[in-house]
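Peer 1: Provided below: protein_24.pdb, containing PDB, C-alpha atoms, pLDDT in the B column.
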ATOM      1  CA  MET A   1      43.498  -0.794-114.566  1.00 42.00           C
ATOM      2  CA  SER A   2      44.922   0.776-111.414  1.00 55.00           C
ATOM      3  CA  TRP A   3      42.289   2.052-109.019  1.00 57.00           C
ATOM      4  CA  GLY A   4      44.816   4.151-107.101  1.00 55.00           C
ATOM      5  CA  PRO A   5      43.925   7.435-108.873  1.00 60.00           C
ATOM      6  CA  VAL A   6      40.202   6.755-108.485  1.00 61.00           C
ATOM      7  CA  LEU A   7      40.479   6.023-104.763  1.00 60.00           C
ATOM      8  CA  ALA A   8      42.743   9.021-104.229  1.00 60.00           C
ATOM      9  CA  ALA A   9      40.170  11.244-105.976  1.00 60.00           C
ATOM     10  CA  VAL A  10      37.279   9.831-103.919  1.00 62.00           C
ATOM     11  CA  VAL A  11      39.226  10.317-100.693  1.00 64.00           C
ATOM     12  CA  GLY A  12      40.128  13.847-101.793  1.00 62.00           C
ATOM     13  CA  ILE A  13      36.464  14.705-102.279  1.00 61.00           C
ATOM     14  CA  GLY A  14      35.656  13.196 -98.898  1.00 61.00           C
ATOM     15  CA  LEU A  15      38.242  15.416 -97.260  1.00 64.00           C
ATOM     16  CA  VAL A  16      36.891  18.579 -98.866  1.00 59.00           C
ATOM     17  CA  VAL A  17      33.099  18.174 -98.834  1.00 63.00           C
ATOM     18  CA  SER A  18      31.871  18.946 -95.334  1.00 67.00           C
ATOM     19  CA  PRO A  19      29.281  16.151 -94.872  1.00 74.00           C
ATOM     20  CA  ALA A  20      31.771  13.512 -96.021  1.00 78.00           C
ATOM     21  CA  TRP A  21      34.524  15.055 -93.903  1.00 83.00           C
ATOM     22  CA  ARG A  22      32.428  14.623 -90.769  1.00 83.00           C
ATOM     23  CA  VAL A  23      32.598  10.866 -91.346  1.00 85.00           C
ATOM     24  CA  ALA A  24      36.147  10.728 -92.726  1.00 88.00           C
ATOM     25  CA  ARG A  25      37.495  12.686 -89.794  1.00 92.00           C
ATOM     26  CA  GLY A  26      36.508   9.826 -87.511  1.00 95.00           C
ATOM     27  CA  TRP A  27      39.379   7.743 -88.898  1.00 95.00           C
ATOM     28  CA  VAL A  28      41.750  10.678 -88.541  1.00 96.00           C
ATOM     29  CA  THR A  29      40.682  11.012 -84.906  1.00 97.00           C
ATOM     30  CA  LEU A  30      41.189   7.269 -84.416  1.00 98.00           C
ATOM     31  CA  ALA A  31      44.761   7.552 -85.745  1.00 98.00           C
ATOM     32  CA  HIS A  32      45.248  10.639 -83.536  1.00 98.00           C
ATOM     33  CA  GLU A  33      44.234   8.714 -80.418  1.00 98.00           C
ATOM     34  CA  VAL A  34      46.328   5.670 -81.338  1.00 98.00           C
ATOM     35  CA  GLY A  35      49.265   8.083 -81.651  1.00 98.00           C
ATOM     36  CA  HIS A  36      48.666   9.191 -78.058  1.00 98.00           C
ATOM     37  CA  ALA A  37      48.373   5.568 -76.945  1.00 98.00           C
ATOM     38  CA  LEU A  38      51.626   4.457 -78.564  1.00 98.00           C
ATOM     39  CA  ALA A  39      53.419   7.506 -77.177  1.00 97.00           C
ATOM     40  CA  ALA A  40      52.084   6.653 -73.716  1.00 97.00           C
ATOM     41  CA  ILE A  41      53.557   3.162 -73.997  1.00 96.00           C
ATOM     42  CA  VAL A  42      56.916   4.621 -75.046  1.00 96.00           C
ATOM     43  CA  ALA A  43      56.674   6.920 -72.008  1.00 95.00           C
ATOM     44  CA  GLU A  44      56.235   3.807 -69.829  1.00 93.00           C
ATOM     45  CA  GLY A  45      52.584   4.489 -69.178  1.00 95.00           C
ATOM     46  CA  ARG A  46      49.599   2.137 -69.290  1.00 95.00           C
ATOM     47  CA  VAL A  47      46.805   2.875 -71.768  1.00 97.00           C
ATOM     48  CA  ARG A  48      43.407   2.332 -70.184  1.00 96.00           C
ATOM     49  CA  ARG A  49      41.048   3.096 -73.052  1.00 97.00           C
ATOM     50  CA  ILE A  50      40.478   4.982 -76.303  1.00 98.00           C
ATOM     51  CA  ARG A  51      37.156   6.604 -77.115  1.00 97.00           C
ATOM     52  CA  VAL A  52      36.150   8.126 -80.462  1.00 97.00           C
ATOM     53  CA  GLU A  53      32.702   9.696 -80.576  1.00 95.00           C
ATOM     54  CA  LEU A  54      30.258  10.370 -83.398  1.00 93.00           C
ATOM     55  CA  ASP A  55      31.068  14.102 -83.252  1.00 92.00           C
ATOM     56  CA  THR A  56      34.708  13.145 -84.139  1.00 90.00           C
ATOM     57  CA  SER A  57      36.011  14.031 -80.682  1.00 94.00           C
ATOM     58  CA  GLY A  58      38.289  11.544 -78.994  1.00 96.00           C
ATOM     59  CA  VAL A  59      40.188  10.850 -75.812  1.00 97.00           C
ATOM     60  CA  THR A  60      42.942   8.486 -74.717  1.00 97.00           C
ATOM     61  CA  GLU A  61      43.122   7.670 -71.025  1.00 97.00           C
ATOM     62  CA  TRP A  62      46.458   6.509 -69.671  1.00 96.00           C
ATOM     63  CA  SER A  63      48.047   6.081 -66.299  1.00 94.00           C
ATOM     64  CA  GLY A  64      51.383   5.420 -64.646  1.00 91.00           C
ATOM     65  CA  THR A  65      54.043   7.335 -62.769  1.00 88.00           C
ATOM     66  CA  SER A  66      55.087   9.161 -65.954  1.00 86.00           C
ATOM     67  CA  VAL A  67      51.717  10.969 -66.029  1.00 85.00           C
ATOM     68  CA  ARG A  68      53.030  13.187 -63.252  1.00 86.00           C
ATOM     69  CA  ARG A  69      56.233  14.088 -65.103  1.00 92.00           C
ATOM     70  CA  ARG A  70      56.323  17.039 -67.464  1.00 93.00           C
ATOM     71  CA  ILE A  71      58.323  15.670 -70.380  1.00 95.00           C
ATOM     72  CA  PRO A  72      56.409  12.363 -70.706  1.00 95.00           C
ATOM     73  CA  ARG A  73      53.086  14.203 -70.495  1.00 95.00           C
ATOM     74  CA  GLY A  74      54.203  16.618 -73.182  1.00 96.00           C
ATOM     75  CA  PHE A  75      55.518  13.782 -75.355  1.00 97.00           C
ATOM     76  CA  VAL A  76      52.188  11.961 -75.220  1.00 97.00           C
ATOM     77  CA  ALA A  77      50.202  15.149 -75.844  1.00 96.00           C
ATOM     78  CA  TRP A  78      52.288  16.100 -78.893  1.00 97.00           C
ATOM     79  CA  TRP A  79      51.973  12.812 -80.731  1.00 97.00           C
ATOM     80  CA  GLY A  80      48.258  13.068 -81.490  1.00 97.00           C
ATOM     81  CA  TYR A  81      48.174  15.390 -84.505  1.00 97.00           C
ATOM     82  CA  PRO A  82      51.360  14.067 -86.195  1.00 96.00           C
ATOM     83  CA  ALA A  83      50.153  10.444 -85.913  1.00 98.00           C
ATOM     84  CA  PRO A  84      47.829  10.318 -88.977  1.00 97.00           C
ATOM     85  CA  GLY A  85      50.543  11.653 -91.275  1.00 97.00           C
ATOM     86  CA  THR A  86      53.064   9.241 -89.803  1.00 98.00           C
ATOM     87  CA  GLY A  87      50.690   6.389 -90.610  1.00 98.00           C
ATOM     88  CA  ALA A  88      50.374   7.721 -94.157  1.00 96.00           C
ATOM     89  CA  VAL A  89      54.163   7.719 -94.528  1.00 98.00           C
ATOM     90  CA  LEU A  90      54.414   4.113 -93.333  1.00 98.00           C
ATOM     91  CA  LEU A  91      51.805   3.049 -95.893  1.00 96.00           C
ATOM     92  CA  GLY A  92      53.634   5.104 -98.512  1.00 95.00           C
ATOM     93  CA  VAL A  93      56.854   3.256 -97.777  1.00 97.00           C
ATOM     94  CA  ALA A  94      55.019  -0.055 -98.161  1.00 96.00           C
ATOM     95  CA  VAL A  95      53.629   1.014-101.550  1.00 93.00           C
ATOM     96  CA  ARG A  96      56.937   2.393-102.823  1.00 94.00           C
ATOM     97  CA  THR A  97      58.856  -0.759-101.851  1.00 96.00           C
ATOM     98  CA  GLY A  98      56.248  -3.135-103.253  1.00 94.00           C
ATOM     99  CA  HIS A  99      55.196  -4.435 -99.843  1.00 96.00           C
ATOM    100  CA  GLU A 100      51.663  -3.034 -99.852  1.00 95.00           C
ATOM    101  CA  VAL A 101      50.142  -6.450 -99.098  1.00 96.00           C
ATOM    102  CA  VAL A 102      52.329  -6.773 -96.012  1.00 97.00           C
ATOM    103  CA  GLY A 103      51.595  -3.182 -95.007  1.00 97.00           C
ATOM    104  CA  LEU A 104      47.840  -3.687 -95.195  1.00 97.00           C
ATOM    105  CA  GLY A 105      48.130  -7.020 -93.424  1.00 97.00           C
ATOM    106  CA  VAL A 106      49.940  -5.350 -90.545  1.00 98.00           C
ATOM    107  CA  LEU A 107      47.294  -2.602 -90.479  1.00 98.00           C
ATOM    108  CA  ALA A 108      44.496  -5.185 -90.359  1.00 98.00           C
ATOM    109  CA  VAL A 109      46.119  -7.019 -87.461  1.00 98.00           C
ATOM    110  CA  ALA A 110      46.818  -3.727 -85.672  1.00 98.00           C
ATOM    111  CA  ALA A 111      43.145  -2.773 -86.028  1.00 98.00           C
ATOM    112  CA  VAL A 112      42.095  -6.044 -84.378  1.00 98.00           C
ATOM    113  CA  VAL A 113      44.532  -5.488 -81.502  1.00 98.00           C
ATOM    114  CA  VAL A 114      43.505  -1.855 -80.990  1.00 98.00           C
ATOM    115  CA  LEU A 115      39.822  -2.856 -81.031  1.00 97.00           C
ATOM    116  CA  ALA A 116      40.314  -5.689 -78.550  1.00 97.00           C
ATOM    117  CA  VAL A 117      42.631  -3.896 -76.133  1.00 97.00           C
ATOM    118  CA  TRP A 118      41.877  -0.176 -76.221  1.00 97.00           C
ATOM    119  CA  VAL A 119      38.730   0.988 -78.031  1.00 98.00           C
ATOM    120  CA  ARG A 120      35.816   1.456 -75.659  1.00 96.00           C
ATOM    121  CA  SER A 121      33.177   3.355 -77.648  1.00 97.00           C
ATOM    122  CA  ALA A 122      30.645   2.097 -80.182  1.00 97.00           C
ATOM    123  CA  TRP A 123      31.587   4.598 -82.906  1.00 97.00           C
ATOM    124  CA  GLY A 124      35.280   4.029 -82.341  1.00 97.00           C
ATOM    125  CA  ALA A 125      34.720   0.284 -82.625  1.00 98.00           C
ATOM    126  CA  ALA A 126      32.788   0.720 -85.879  1.00 97.00           C
ATOM    127  CA  LEU A 127      35.542   2.882 -87.372  1.00 97.00           C
ATOM    128  CA  THR A 128      38.204   0.386 -86.337  1.00 98.00           C
ATOM    129  CA  VAL A 129      36.285  -2.535 -87.826  1.00 98.00           C
ATOM    130  CA  VAL A 130      35.764  -0.759 -91.154  1.00 97.00           C
ATOM    131  CA  LEU A 131      39.426   0.250 -91.352  1.00 97.00           C
ATOM    132  CA  GLY A 132      40.622  -3.246 -90.504  1.00 98.00           C
ATOM    133  CA  ALA A 133      38.197  -4.831 -92.967  1.00 97.00           C
ATOM    134  CA  ALA A 134      39.287  -2.496 -95.768  1.00 95.00           C
ATOM    135  CA  ALA A 135      42.923  -3.327 -95.084  1.00 97.00           C
ATOM    136  CA  ALA A 136      42.215  -7.064 -94.972  1.00 97.00           C
ATOM    137  CA  VAL A 137      40.218  -7.025 -98.221  1.00 95.00           C
ATOM    138  CA  GLY A 138      42.903  -4.980 -99.930  1.00 93.00           C
ATOM    139  CA  ALA A 139      45.638  -7.334 -98.775  1.00 95.00           C
ATOM    140  CA  ALA A 140      43.643 -10.374 -99.903  1.00 95.00           C
ATOM    141  CA  GLY A 141      43.170  -8.861-103.360  1.00 90.00           C
ATOM    142  CA  GLY A 142      46.870  -9.027-104.231  1.00 86.00           C
ATOM    143  CA  ASP A 143      49.337  -6.339-105.265  1.00 81.00           C
ATOM    144  CA  PRO A 144      47.202  -4.096-107.559  1.00 83.00           C
ATOM    145  CA  ALA A 145      44.241  -3.986-105.182  1.00 86.00           C
ATOM    146  CA  ALA A 146      46.478  -3.630-102.141  1.00 91.00           C
ATOM    147  CA  ALA A 147      48.334  -0.703-103.691  1.00 89.00           C
ATOM    148  CA  SER A 148      45.056   1.077-104.471  1.00 86.00           C
ATOM    149  CA  VAL A 149      43.639   0.569-100.975  1.00 90.00           C
ATOM    150  CA  ALA A 150      46.920   1.609 -99.360  1.00 92.00           C
ATOM    151  CA  VAL A 151      46.994   4.784-101.466  1.00 89.00           C
ATOM    152  CA  GLY A 152      43.412   5.577-100.451  1.00 88.00           C
ATOM    153  CA  ILE A 153      44.071   5.109 -96.742  1.00 92.00           C
ATOM    154  CA  ALA A 154      47.335   7.061 -96.958  1.00 92.00           C
ATOM    155  CA  ALA A 155      45.508   9.945 -98.658  1.00 88.00           C
ATOM    156  CA  LEU A 156      42.821   9.913 -95.975  1.00 90.00           C
ATOM    157  CA  LEU A 157      45.337   9.976 -93.135  1.00 94.00           C
ATOM    158  CA  GLY A 158      47.806  12.365 -94.739  1.00 93.00           C
ATOM    159  CA  VAL A 159      45.450  15.054 -96.015  1.00 89.00           C
ATOM    160  CA  GLY A 160      43.002  14.528 -93.165  1.00 91.00           C
ATOM    161  CA  GLY A 161      45.784  14.961 -90.648  1.00 94.00           C
ATOM    162  CA  VAL A 162      46.715  18.306 -92.182  1.00 93.00           C
ATOM    163  CA  ARG A 163      43.123  19.515 -92.166  1.00 91.00           C
ATOM    164  CA  ALA A 164      42.584  18.450 -88.551  1.00 94.00           C
ATOM    165  CA  ALA A 165      45.790  20.093 -87.315  1.00 95.00           C
ATOM    166  CA  ALA A 166      45.158  23.286 -89.271  1.00 93.00           C
ATOM    167  CA  ALA A 167      41.555  23.505 -88.060  1.00 91.00           C
ATOM    168  CA  ALA A 168      42.561  23.056 -84.426  1.00 92.00           C
ATOM    169  CA  ALA A 169      45.425  25.569 -84.445  1.00 88.00           C
ATOM    170  CA  PRO A 170      43.449  28.860 -84.352  1.00 86.00           C
ATOM    171  CA  ARG A 171      40.925  27.550 -81.823  1.00 84.00           C
ATOM    172  CA  THR A 172      43.276  26.367 -79.095  1.00 86.00           C
ATOM    173  CA  ARG A 173      43.804  28.483 -76.017  1.00 85.00           C
ATOM    174  CA  ARG A 174      45.899  28.014 -72.902  1.00 81.00           C
ATOM    175  CA  GLY A 175      43.926  26.068 -70.326  1.00 77.00           C
ATOM    176  CA  ASP A 176      41.287  24.720 -72.729  1.00 84.00           C
ATOM    177  CA  GLY A 177      42.313  21.091 -72.194  1.00 86.00           C
ATOM    178  CA  SER A 178      43.607  20.591 -75.732  1.00 93.00           C
ATOM    179  CA  ASP A 179      46.864  18.828 -76.570  1.00 95.00           C
ATOM    180  CA  GLN A 180      48.433  22.191 -77.341  1.00 95.00           C
ATOM    181  CA  ALA A 181      47.292  23.636 -74.013  1.00 93.00           C
ATOM    182  CA  THR A 182      48.700  20.619 -72.178  1.00 94.00           C
ATOM    183  CA  LEU A 183      52.047  21.147 -73.895  1.00 95.00           C
ATOM    184  CA  ALA A 184      52.026  24.844 -73.005  1.00 93.00           C
ATOM    185  CA  GLN A 185      51.329  23.933 -69.396  1.00 92.00           C
ATOM    186  CA  VAL A 186      54.005  21.277 -68.955  1.00 93.00           C
ATOM    187  CA  LEU A 187      56.704  22.456 -71.380  1.00 92.00           C
ATOM    188  CA  TRP A 188      56.278  26.239 -71.050  1.00 87.00           C
ATOM    189  CA  LEU A 189      56.285  27.351 -74.721  1.00 92.00           C
ATOM    190  CA  PRO A 190      53.121  29.152 -75.921  1.00 94.00           C
ATOM    191  CA  VAL A 191      50.137  27.289 -77.355  1.00 93.00           C
ATOM    192  CA  GLY A 192      50.750  28.832 -80.766  1.00 94.00           C
ATOM    193  CA  VAL A 193      54.247  27.398 -80.959  1.00 95.00           C
ATOM    194  CA  TRP A 194      53.015  23.877 -80.266  1.00 95.00           C
ATOM    195  CA  SER A 195      50.174  24.285 -82.757  1.00 95.00           C
ATOM    196  CA  ALA A 196      52.699  25.366 -85.383  1.00 96.00           C
ATOM    197  CA  THR A 197      54.908  22.321 -84.786  1.00 97.00           C
ATOM    198  CA  MET A 198      51.896  20.046 -85.241  1.00 97.00           C
ATOM    199  CA  VAL A 199      50.742  21.710 -88.453  1.00 97.00           C
ATOM    200  CA  VAL A 200      54.247  21.737 -89.929  1.00 97.00           C
ATOM    201  CA  THR A 201      54.751  18.073 -89.057  1.00 97.00           C
ATOM    202  CA  ALA A 202      51.359  17.130 -90.511  1.00 96.00           C
ATOM    203  CA  VAL A 203      52.143  18.965 -93.767  1.00 95.00           C
ATOM    204  CA  ALA A 204      55.615  17.447 -93.994  1.00 97.00           C
ATOM    205  CA  THR A 205      54.404  13.886 -93.445  1.00 97.00           C
ATOM    206  CA  ALA A 206      51.533  14.329 -95.902  1.00 94.00           C
ATOM    207  CA  ALA A 207      53.965  15.634 -98.528  1.00 93.00           C
ATOM    208  CA  ALA A 208      56.339  12.737 -97.890  1.00 96.00           C
ATOM    209  CA  ALA A 209      53.503  10.217 -98.199  1.00 94.00           C
ATOM    210  CA  ALA A 210      52.342  11.845-101.445  1.00 89.00           C
ATOM    211  CA  ALA A 211      55.847  11.612-102.897  1.00 92.00           C
ATOM    212  CA  LEU A 212      56.062   7.950-101.913  1.00 93.00           C
ATOM    213  CA  VAL A 213      52.746   6.909-103.479  1.00 88.00           C
ATOM    214  CA  ALA A 214      52.957   9.196-106.540  1.00 84.00           C
ATOM    215  CA  PRO A 215      54.262   6.447-108.870  1.00 83.00           C
ATOM    216  CA  ALA A 216      51.324   4.200-107.919  1.00 74.00           C
ATOM    217  CA  VAL A 217      48.838   6.988-108.608  1.00 73.00           C
ATOM    218  CA  THR A 218      50.328   8.283-111.863  1.00 71.00           C
ATOM    219  CA  GLY A 219      51.625   4.974-113.239  1.00 64.00           C
TER     220      GLY A 219
END
Would you encode the structure as structure tokens?
Peer 2:
Amino acid sequence: MSWGPVLAAVVGIGLVVSPAWRVARGWVTLAHEVGHALAAIVAEGRVRRIRVELDTSGVTEWSGTSVRRRIPRGFVAWWGYPAPGTGAVLLGVAVRTGHEVVGLGVLAVAAVVVLAVWVRSAWGAALTVVLGAAAAVGAAGGDPAAASVAVGIAALLGVGGVRAAAAAAPRTRRGDGSDQATLAQVLWLPVGVWSATMVVTAVATAAAAAALVAPAVTG
């Protein structure tokens, strides 16, 4: 029996029911902050720490000469909300190509690295450990188990990323310190435009991930 449909259904409930979402969103926030961190590295910055709090808020602190330049700052700010969906797509590719064990193995190792190098909050550490452990157990279980776990994590990141981006869009205002406000400040376009790009990207990546894992869920 494939547990992919079961895990996808459980994750779906967790993303809809408010009490469960308050926990599930922690992993979405973790992916969001890792997206900022990776973008900062691409922008030739140095990531100092990632914090994810129990209220699902998060922050990535980075430094370097690029912090003072508009385009790098905007690049780093933009990559938070699209990051969960991008992670879902990467897992979807692993499932579709039959490399789910490798995909989860990479995720497990990445979780260890992120925990050791960047995460500096107790709740963020707990979330990272659980994610890494789930990936490691799934990978150790072989192809059927790995596919099911990968589908579950992809669903969490893909759908959760859409919900997070959509929820943030109407609440952001210029000067409020949000990613969208930072983009409006350094790259001139209005907050609403940046919010729209994040929501559209989150929806597109979630849809792509769903198309990639669909055979594993329906097969």
Peer 1: Pick out the closest residue to His32 of chain A from this set: A:Leu189, A:Val199, A:Ala214, A:Leu157. Count only C-alpha atoms.
Peer 2: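 Of A:Leu189, A:Val199, A:Ala214, A:Leu157, the one nearest His32 of chain A is A:Leu157, counting only C-alpha atoms.
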Peer 1: Using the chain letters and residue numbers of this document, give as a VMD selection string the residues selected by the PyMOL selection byres ((chain A and resi 33) around 7).
Peer 2: chain A and resid 29 to 32 34 to 37 50 58 to 60 80
Peer 1: Can you tell me which residues surround Ala164 of chain A at a distance of at most 8 Å, considering all atoms listed in the file, apart from same-chain residues fewer than 5 positions away, and format the answer as a list in words?
Peer 2: Arg25, Val28 and Tyr81 of chain A
Peer 1: Pull out every residue that the PyMOL selection byres ((chain A and resi 210) around 12) matches in the shown coordinates and put them as JSON, numbers by chain.
Peer 2: {"A": [8, 85, 86, 88, 89, 90, 91, 92, 93, 95, 96, 150, 151, 152, 153, 154, 155, 156, 157, 158, 159, 203, 204, 205, 206, 207, 208, 209, 211, 212, 213, 214, 215, 216, 217, 218]}
Peer 1: Rank A:Pro82, A:Gly26, A:Gly138, A:Gly105 by their smallest atom-to-atom distance to Ala165 of chain A, using only C-alpha atoms, and report the top residue only.
Peer 2: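 Counting only C-alpha atoms, the residue closest to Ala165 of chain A is A:Pro82.
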Peer 1: In terms of the shortest atom-to-atom distance over all atoms listed in the file, which of A:Ala181, A:Arg73, A:Val130, A:Thr56 is closest to Trp21 of chain A?
Peer 2: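 Closest residue, counting all atoms listed in the file: A:Thr56.
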Peer 1: With only C-alpha atoms as the counted atoms, please give the residues lying no more than 12 Å from Ala167 of chain A, apart from itself and same-chain residues fewer than 4 positions off, as an NGL selection string.
Peer 2: :A and (25 or 81 or 160-163 or 171-172 or 195-196 or 198-199 or 202)
